[in-house]
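Shown here: structure-v3.cif, mmCIF, N, CA and C atoms.
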```cif
data_structure
#
loop_
_atom_site.label_atom_id
_atom_site.label_comp_id
_atom_site.auth_asym_id
_atom_site.auth_seq_id
_atom_site.Cartn_x
_atom_site.Cartn_y
_atom_site.Cartn_z
N MET A 952 -20.16 24.04 -12.72
CA MET A 952 -19.43 22.93 -13.30
C MET A 952 -19.21 23.23 -14.77
N HIS A 953 -17.99 23.00 -15.20
CA HIS A 953 -17.65 23.17 -16.60
C HIS A 953 -17.53 21.78 -17.22
N LEU A 954 -18.02 21.61 -18.42
CA LEU A 954 -17.84 20.37 -19.17
C LEU A 954 -17.05 20.67 -20.43
N TYR A 955 -16.04 19.87 -20.67
CA TYR A 955 -15.18 20.05 -21.84
C TYR A 955 -15.22 18.77 -22.67
N PRO A 956 -15.50 18.89 -23.97
CA PRO A 956 -15.53 17.68 -24.79
C PRO A 956 -14.13 17.11 -24.98
N ILE A 957 -14.05 15.80 -24.96
CA ILE A 957 -12.81 15.11 -25.30
C ILE A 957 -13.05 14.53 -26.68
N SER A 958 -12.57 15.23 -27.67
CA SER A 958 -12.84 14.82 -29.05
C SER A 958 -11.71 15.30 -29.94
N GLY A 959 -11.88 15.15 -31.22
CA GLY A 959 -10.90 15.63 -32.18
C GLY A 959 -9.53 15.00 -32.00
N ALA A 960 -8.50 15.84 -31.92
CA ALA A 960 -7.12 15.36 -31.82
C ALA A 960 -6.90 14.47 -30.60
N ALA A 961 -7.60 14.75 -29.51
CA ALA A 961 -7.44 13.95 -28.29
C ALA A 961 -7.83 12.49 -28.52
N GLN A 962 -8.73 12.24 -29.46
CA GLN A 962 -9.16 10.87 -29.72
C GLN A 962 -8.39 10.21 -30.86
N ARG A 963 -7.50 10.95 -31.49
CA ARG A 963 -6.75 10.37 -32.61
C ARG A 963 -5.46 9.67 -32.20
N VAL A 964 -5.16 9.66 -30.93
CA VAL A 964 -4.02 8.89 -30.43
C VAL A 964 -4.53 7.94 -29.36
N GLY A 965 -3.82 6.85 -29.18
CA GLY A 965 -4.22 5.87 -28.19
C GLY A 965 -3.93 6.34 -26.78
N PRO A 966 -4.66 5.81 -25.81
CA PRO A 966 -4.46 6.24 -24.42
C PRO A 966 -3.07 5.91 -23.89
N GLU A 967 -2.39 4.94 -24.48
CA GLU A 967 -1.05 4.57 -24.02
C GLU A 967 0.04 5.41 -24.69
N GLN A 968 -0.31 6.27 -25.63
CA GLN A 968 0.69 7.05 -26.35
C GLN A 968 1.10 8.33 -25.62
N THR A 969 0.36 8.75 -24.65
CA THR A 969 0.69 9.92 -23.85
C THR A 969 0.33 9.61 -22.40
N ALA A 970 0.48 10.55 -21.52
CA ALA A 970 0.11 10.33 -20.12
C ALA A 970 -1.41 10.30 -19.93
N PHE A 971 -2.13 11.12 -20.67
CA PHE A 971 -3.58 11.24 -20.52
C PHE A 971 -4.28 9.99 -21.04
N ALA A 972 -4.99 9.31 -20.16
CA ALA A 972 -5.56 8.00 -20.50
C ALA A 972 -7.03 8.04 -20.91
N TYR A 973 -7.74 9.09 -20.61
CA TYR A 973 -9.20 9.12 -20.83
C TYR A 973 -9.55 9.77 -22.17
N ARG A 974 -9.09 9.21 -23.24
CA ARG A 974 -9.30 9.80 -24.56
C ARG A 974 -10.64 9.46 -25.17
N SER A 975 -11.32 8.47 -24.63
CA SER A 975 -12.62 8.10 -25.18
C SER A 975 -13.76 8.40 -24.21
N GLY A 976 -13.50 9.20 -23.20
CA GLY A 976 -14.49 9.47 -22.16
C GLY A 976 -15.65 10.34 -22.60
N GLY A 977 -15.47 11.08 -23.66
CA GLY A 977 -16.53 11.95 -24.15
C GLY A 977 -16.48 13.35 -23.56
N TRP A 978 -16.40 13.45 -22.24
CA TRP A 978 -16.41 14.76 -21.58
C TRP A 978 -15.49 14.75 -20.37
N ALA A 979 -14.90 15.88 -20.09
CA ALA A 979 -14.14 16.10 -18.85
C ALA A 979 -14.88 17.18 -18.08
N GLY A 980 -15.14 16.91 -16.82
CA GLY A 980 -15.85 17.88 -15.99
C GLY A 980 -14.92 18.52 -14.99
N ASP A 981 -15.19 19.76 -14.69
CA ASP A 981 -14.40 20.51 -13.71
C ASP A 981 -15.38 21.24 -12.78
N ILE A 982 -15.37 20.87 -11.53
CA ILE A 982 -16.22 21.53 -10.54
C ILE A 982 -15.38 22.63 -9.90
N ALA A 983 -15.77 23.86 -10.11
CA ALA A 983 -15.02 25.01 -9.62
C ALA A 983 -15.73 25.61 -8.41
N GLY A 984 -15.19 25.40 -7.23
CA GLY A 984 -15.76 25.96 -6.01
C GLY A 984 -15.00 27.22 -5.64
N ILE A 985 -15.43 28.34 -6.16
CA ILE A 985 -14.72 29.61 -5.95
C ILE A 985 -15.67 30.58 -5.27
N VAL A 986 -15.18 31.23 -4.24
CA VAL A 986 -16.00 32.19 -3.51
C VAL A 986 -15.13 33.39 -3.13
N PRO A 987 -15.62 34.61 -3.32
CA PRO A 987 -14.77 35.78 -3.03
C PRO A 987 -14.59 36.05 -1.54
N ASP A 988 -15.51 35.59 -0.71
CA ASP A 988 -15.43 35.86 0.72
C ASP A 988 -14.80 34.67 1.43
N PRO A 989 -13.59 34.81 2.00
CA PRO A 989 -12.94 33.69 2.68
C PRO A 989 -13.78 33.07 3.79
N ALA A 990 -14.69 33.83 4.36
CA ALA A 990 -15.55 33.28 5.41
C ALA A 990 -16.44 32.16 4.89
N ASN A 991 -16.67 32.12 3.60
CA ASN A 991 -17.52 31.10 2.98
C ASN A 991 -16.71 29.96 2.34
N ALA A 992 -15.41 29.98 2.51
CA ALA A 992 -14.55 29.00 1.83
C ALA A 992 -14.89 27.56 2.22
N GLN A 993 -15.10 27.29 3.48
CA GLN A 993 -15.41 25.92 3.89
C GLN A 993 -16.75 25.47 3.34
N ALA A 994 -17.73 26.34 3.35
CA ALA A 994 -19.06 25.98 2.83
C ALA A 994 -18.99 25.64 1.34
N ILE A 995 -18.25 26.42 0.56
CA ILE A 995 -18.17 26.15 -0.87
C ILE A 995 -17.33 24.89 -1.13
N ALA A 996 -16.30 24.66 -0.31
CA ALA A 996 -15.51 23.44 -0.45
C ALA A 996 -16.36 22.21 -0.13
N ASP A 997 -17.18 22.30 0.89
CA ASP A 997 -18.08 21.19 1.24
C ASP A 997 -19.08 20.95 0.11
N TRP A 998 -19.62 22.03 -0.45
CA TRP A 998 -20.56 21.91 -1.57
C TRP A 998 -19.90 21.21 -2.76
N ALA A 999 -18.69 21.65 -3.11
CA ALA A 999 -17.99 21.07 -4.27
C ALA A 999 -17.71 19.59 -4.05
N ARG A 1000 -17.27 19.22 -2.85
CA ARG A 1000 -17.01 17.80 -2.56
C ARG A 1000 -18.29 16.97 -2.64
N ALA A 1001 -19.37 17.49 -2.09
CA ALA A 1001 -20.64 16.76 -2.13
C ALA A 1001 -21.13 16.61 -3.57
N TYR A 1002 -20.98 17.64 -4.36
CA TYR A 1002 -21.37 17.60 -5.77
C TYR A 1002 -20.55 16.53 -6.50
N TRP A 1003 -19.24 16.53 -6.26
CA TRP A 1003 -18.37 15.53 -6.87
C TRP A 1003 -18.77 14.12 -6.43
N GLU A 1004 -19.05 13.92 -5.16
CA GLU A 1004 -19.43 12.59 -4.66
C GLU A 1004 -20.72 12.09 -5.32
N GLU A 1005 -21.64 12.99 -5.60
CA GLU A 1005 -22.88 12.59 -6.28
C GLU A 1005 -22.62 12.21 -7.73
N LEU A 1006 -21.74 12.93 -8.40
CA LEU A 1006 -21.48 12.68 -9.81
C LEU A 1006 -20.49 11.55 -10.07
N HIS A 1007 -19.57 11.33 -9.16
CA HIS A 1007 -18.46 10.40 -9.40
C HIS A 1007 -18.90 8.98 -9.81
N PRO A 1008 -19.97 8.42 -9.25
CA PRO A 1008 -20.36 7.07 -9.69
C PRO A 1008 -20.70 6.98 -11.18
N THR A 1009 -21.01 8.10 -11.81
CA THR A 1009 -21.32 8.08 -13.25
C THR A 1009 -20.10 8.37 -14.11
N SER A 1010 -18.95 8.54 -13.48
CA SER A 1010 -17.74 8.91 -14.22
C SER A 1010 -16.95 7.67 -14.63
N ALA A 1011 -15.91 7.90 -15.41
CA ALA A 1011 -15.01 6.81 -15.81
C ALA A 1011 -14.03 6.47 -14.70
N GLY A 1012 -13.99 7.26 -13.63
CA GLY A 1012 -13.19 6.91 -12.46
C GLY A 1012 -11.99 7.78 -12.17
N GLY A 1013 -11.45 8.43 -13.16
CA GLY A 1013 -10.26 9.25 -12.93
C GLY A 1013 -10.56 10.71 -13.17
N ALA A 1014 -9.54 11.43 -13.60
CA ALA A 1014 -9.69 12.86 -13.82
C ALA A 1014 -8.62 13.35 -14.78
N TYR A 1015 -8.81 14.54 -15.28
CA TYR A 1015 -7.76 15.25 -15.99
C TYR A 1015 -6.94 15.92 -14.89
N VAL A 1016 -5.68 15.52 -14.74
CA VAL A 1016 -4.91 15.92 -13.56
C VAL A 1016 -4.76 17.43 -13.40
N ASN A 1017 -4.82 18.20 -14.47
CA ASN A 1017 -4.71 19.65 -14.33
C ASN A 1017 -5.95 20.27 -13.70
N PHE A 1018 -7.03 19.50 -13.56
CA PHE A 1018 -8.23 19.98 -12.88
C PHE A 1018 -8.23 19.59 -11.41
N MET A 1019 -7.29 18.79 -10.97
CA MET A 1019 -7.31 18.23 -9.62
C MET A 1019 -6.65 19.16 -8.59
N MET A 1020 -7.07 18.98 -7.35
CA MET A 1020 -6.44 19.64 -6.22
C MET A 1020 -5.66 18.55 -5.47
N ASP A 1021 -5.55 18.65 -4.18
CA ASP A 1021 -4.86 17.65 -3.37
C ASP A 1021 -5.84 16.52 -3.06
N GLU A 1022 -5.88 15.51 -3.94
CA GLU A 1022 -6.89 14.46 -3.83
C GLU A 1022 -6.29 13.09 -3.50
N GLY A 1023 -5.00 13.04 -3.33
CA GLY A 1023 -4.37 11.80 -2.90
C GLY A 1023 -3.85 10.93 -4.03
N GLN A 1024 -2.95 10.05 -3.64
CA GLN A 1024 -2.24 9.20 -4.60
C GLN A 1024 -3.17 8.21 -5.31
N ASP A 1025 -4.18 7.70 -4.63
CA ASP A 1025 -5.10 6.77 -5.29
C ASP A 1025 -5.83 7.44 -6.45
N ARG A 1026 -6.21 8.69 -6.26
CA ARG A 1026 -6.90 9.43 -7.33
C ARG A 1026 -5.96 9.73 -8.47
N ILE A 1027 -4.70 10.02 -8.16
CA ILE A 1027 -3.70 10.25 -9.22
C ILE A 1027 -3.52 8.98 -10.03
N ARG A 1028 -3.37 7.85 -9.35
CA ARG A 1028 -3.21 6.57 -10.04
C ARG A 1028 -4.43 6.28 -10.91
N ALA A 1029 -5.62 6.52 -10.40
CA ALA A 1029 -6.84 6.29 -11.18
C ALA A 1029 -6.88 7.19 -12.41
N SER A 1030 -6.32 8.38 -12.31
CA SER A 1030 -6.35 9.31 -13.43
C SER A 1030 -5.40 8.92 -14.55
N TYR A 1031 -4.30 8.30 -14.21
CA TYR A 1031 -3.35 7.86 -15.24
C TYR A 1031 -3.63 6.44 -15.73
N ARG A 1032 -4.46 5.70 -15.00
CA ARG A 1032 -4.86 4.34 -15.35
C ARG A 1032 -3.65 3.46 -15.63
N ASP A 1033 -3.67 2.76 -16.75
CA ASP A 1033 -2.59 1.83 -17.11
C ASP A 1033 -1.28 2.53 -17.42
N ASN A 1034 -1.31 3.83 -17.59
CA ASN A 1034 -0.09 4.59 -17.89
C ASN A 1034 0.74 4.88 -16.64
N TYR A 1035 0.16 4.73 -15.46
CA TYR A 1035 0.83 5.12 -14.21
C TYR A 1035 2.17 4.41 -14.03
N ASP A 1036 2.19 3.09 -14.15
CA ASP A 1036 3.44 2.35 -13.92
C ASP A 1036 4.52 2.74 -14.93
N ARG A 1037 4.12 2.94 -16.19
CA ARG A 1037 5.09 3.38 -17.21
C ARG A 1037 5.63 4.75 -16.87
N LEU A 1038 4.77 5.65 -16.42
CA LEU A 1038 5.22 7.00 -16.05
C LEU A 1038 6.13 6.97 -14.82
N ALA A 1039 5.87 6.05 -13.89
CA ALA A 1039 6.75 5.91 -12.71
C ALA A 1039 8.13 5.42 -13.13
N ARG A 1040 8.19 4.53 -14.12
CA ARG A 1040 9.50 4.07 -14.62
C ARG A 1040 10.25 5.21 -15.31
N ILE A 1041 9.54 6.01 -16.08
CA ILE A 1041 10.16 7.16 -16.74
C ILE A 1041 10.66 8.15 -15.69
N LYS A 1042 9.85 8.36 -14.65
CA LYS A 1042 10.25 9.28 -13.57
C LYS A 1042 11.51 8.77 -12.88
N ALA A 1043 11.63 7.46 -12.68
CA ALA A 1043 12.82 6.88 -12.05
C ALA A 1043 14.06 7.13 -12.90
N LYS A 1044 13.89 7.13 -14.20
CA LYS A 1044 15.03 7.34 -15.10
C LYS A 1044 15.45 8.81 -15.17
N TYR A 1045 14.48 9.72 -15.29
CA TYR A 1045 14.79 11.12 -15.54
C TYR A 1045 14.73 12.01 -14.30
N ASP A 1046 14.05 11.57 -13.26
CA ASP A 1046 13.94 12.36 -12.02
C ASP A 1046 13.95 11.41 -10.82
N PRO A 1047 15.03 10.65 -10.64
CA PRO A 1047 15.05 9.65 -9.58
C PRO A 1047 14.96 10.25 -8.17
N ASP A 1048 15.33 11.52 -8.01
CA ASP A 1048 15.25 12.17 -6.70
C ASP A 1048 13.92 12.89 -6.49
N ASN A 1049 13.01 12.76 -7.46
CA ASN A 1049 11.67 13.35 -7.37
C ASN A 1049 11.72 14.86 -7.14
N VAL A 1050 12.64 15.52 -7.84
CA VAL A 1050 12.77 16.98 -7.73
C VAL A 1050 11.47 17.65 -8.20
N PHE A 1051 10.90 17.14 -9.28
CA PHE A 1051 9.67 17.70 -9.83
C PHE A 1051 8.48 17.00 -9.17
N HIS A 1052 8.13 17.45 -7.99
CA HIS A 1052 7.08 16.80 -7.21
C HIS A 1052 5.94 17.75 -6.85
N ASN A 1053 6.04 19.00 -7.21
CA ASN A 1053 4.98 19.97 -6.87
C ASN A 1053 3.90 19.96 -7.95
N ASN A 1054 3.27 18.83 -8.09
CA ASN A 1054 2.24 18.61 -9.10
C ASN A 1054 1.40 17.42 -8.63
N GLN A 1055 0.64 16.84 -9.50
CA GLN A 1055 -0.04 15.58 -9.18
C GLN A 1055 1.03 14.50 -9.33
N ASN A 1056 1.80 14.34 -8.30
CA ASN A 1056 3.06 13.63 -8.35
C ASN A 1056 2.92 12.13 -8.59
N ILE A 1057 3.80 11.66 -9.46
CA ILE A 1057 4.03 10.22 -9.65
C ILE A 1057 5.42 9.97 -9.09
N PRO A 1058 5.54 9.32 -7.96
CA PRO A 1058 6.87 9.05 -7.43
C PRO A 1058 7.65 8.12 -8.36
N PRO A 1059 8.96 8.25 -8.39
CA PRO A 1059 9.76 7.35 -9.24
C PRO A 1059 9.53 5.90 -8.85
N ALA A 1060 9.51 5.01 -9.83
CA ALA A 1060 9.36 3.57 -9.57
C ALA A 1060 10.44 3.13 -8.61
N GLY A 1061 10.08 2.25 -7.68
CA GLY A 1061 11.04 1.73 -6.72
C GLY A 1061 11.15 2.54 -5.44
N THR A 1062 10.36 3.63 -5.34
CA THR A 1062 10.43 4.43 -4.10
C THR A 1062 9.19 4.23 -3.27
#
```

File written out as structure tokens:
Amino acid sequence: MHLYPISGAAQRVGPEQTAFAYRSGGWAGDIAGIVPDPANAQAIADWARAYWEELHPTSAGGAYVNFMMDEGQDRIRASYRDNYDRLARIKAKYDPDNVFHNNQNIPPAGT
């Protein structure tokens, strides 16, 4: 597990001024389940999920989206917090067809 401090410039802007909402969280954690042997992939994935499940109750609830895998829309919404609806409105204006969707996607508002 990697821990990254959320400090300095990240704390000098408000959470509503950018997409990233967890500016006062103190730390961002990244659980990296990497194994060179594909035969062990499921075991390491299970370990990483179990580790996350144990730690998650002590977290602020969301994530830094660039650390996320395919974790579902509820987790994406939790990661953007109050910024999610604003970002969905922006997406509706600039990408109404959701062309840019190969990411932690925010569907355009109204879809």

Distance CA of Glu967 in chain A-CA of Asp1033 in chain A, one decimal place?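 According to the coordinates, CA of Glu967 in chain A and CA of Asp1033 in chain A are separated by 7.6 Å.
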
Determine which residues of chain A receive a DSSP assignment of strand (DSSP E), computed from the backbone, and state them as a ChimeraX atom specification. /A:953-956,978-981

Taking only C-alpha atoms into account, produce a table as a tab-separated table in which each residue of range 955-987 of chain A with an atom at most 12 Å from an atom of range 1004-1010 of chain A appears once, together with its shortest atom pair and the distance in Å to one decimal, ordered by chain and rising number.
```
residue	atom	partner	partner_atom	distance
A:Tyr973	CA	A:Ser1010	CA	10.8
A:Gly976	CA	A:Ser1010	CA	8.6
A:Gly977	CA	A:Ser1010	CA	10.5
A:Trp978	CA	A:Ser1010	CA	9.5
A:Ala979	CA	A:Ser1010	CA	9.3
A:Gly980	CA	A:Ser1010	CA	9.3
A:Asp981	CA	A:Leu1006	CA	11.3
A:Ile982	CA	A:Leu1006	CA	10.3
```

Just checking: using all atoms listed in the file, which residue out of A:Ala994, A:Val986, A:Ala970, A:Ala1001 ends up closest to Asn1034 in chain A? A:Ala970

Residue by residue, what does the PyMOL selection byres ((chain A and resi 1030) around 6) grab here? Present the result as a PyMOL selection string. chain A and resi 972+1012-1014+1025-1029+1031-1032

Written as a list in words, what is the full residue list that the PyMOL selection byres ((chain A and resi 1056) around 8) yields on the file shown?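 Taken on the displayed file, the PyMOL selection byres ((chain A and resi 1056) around 8) yields the residues Gly1023, Gln1024, Ile1027, Arg1028, Phe1051, His1052, Asn1053, Asn1054, Gln1055, Ile1057, Pro1058 and Pro1059 of chain A.
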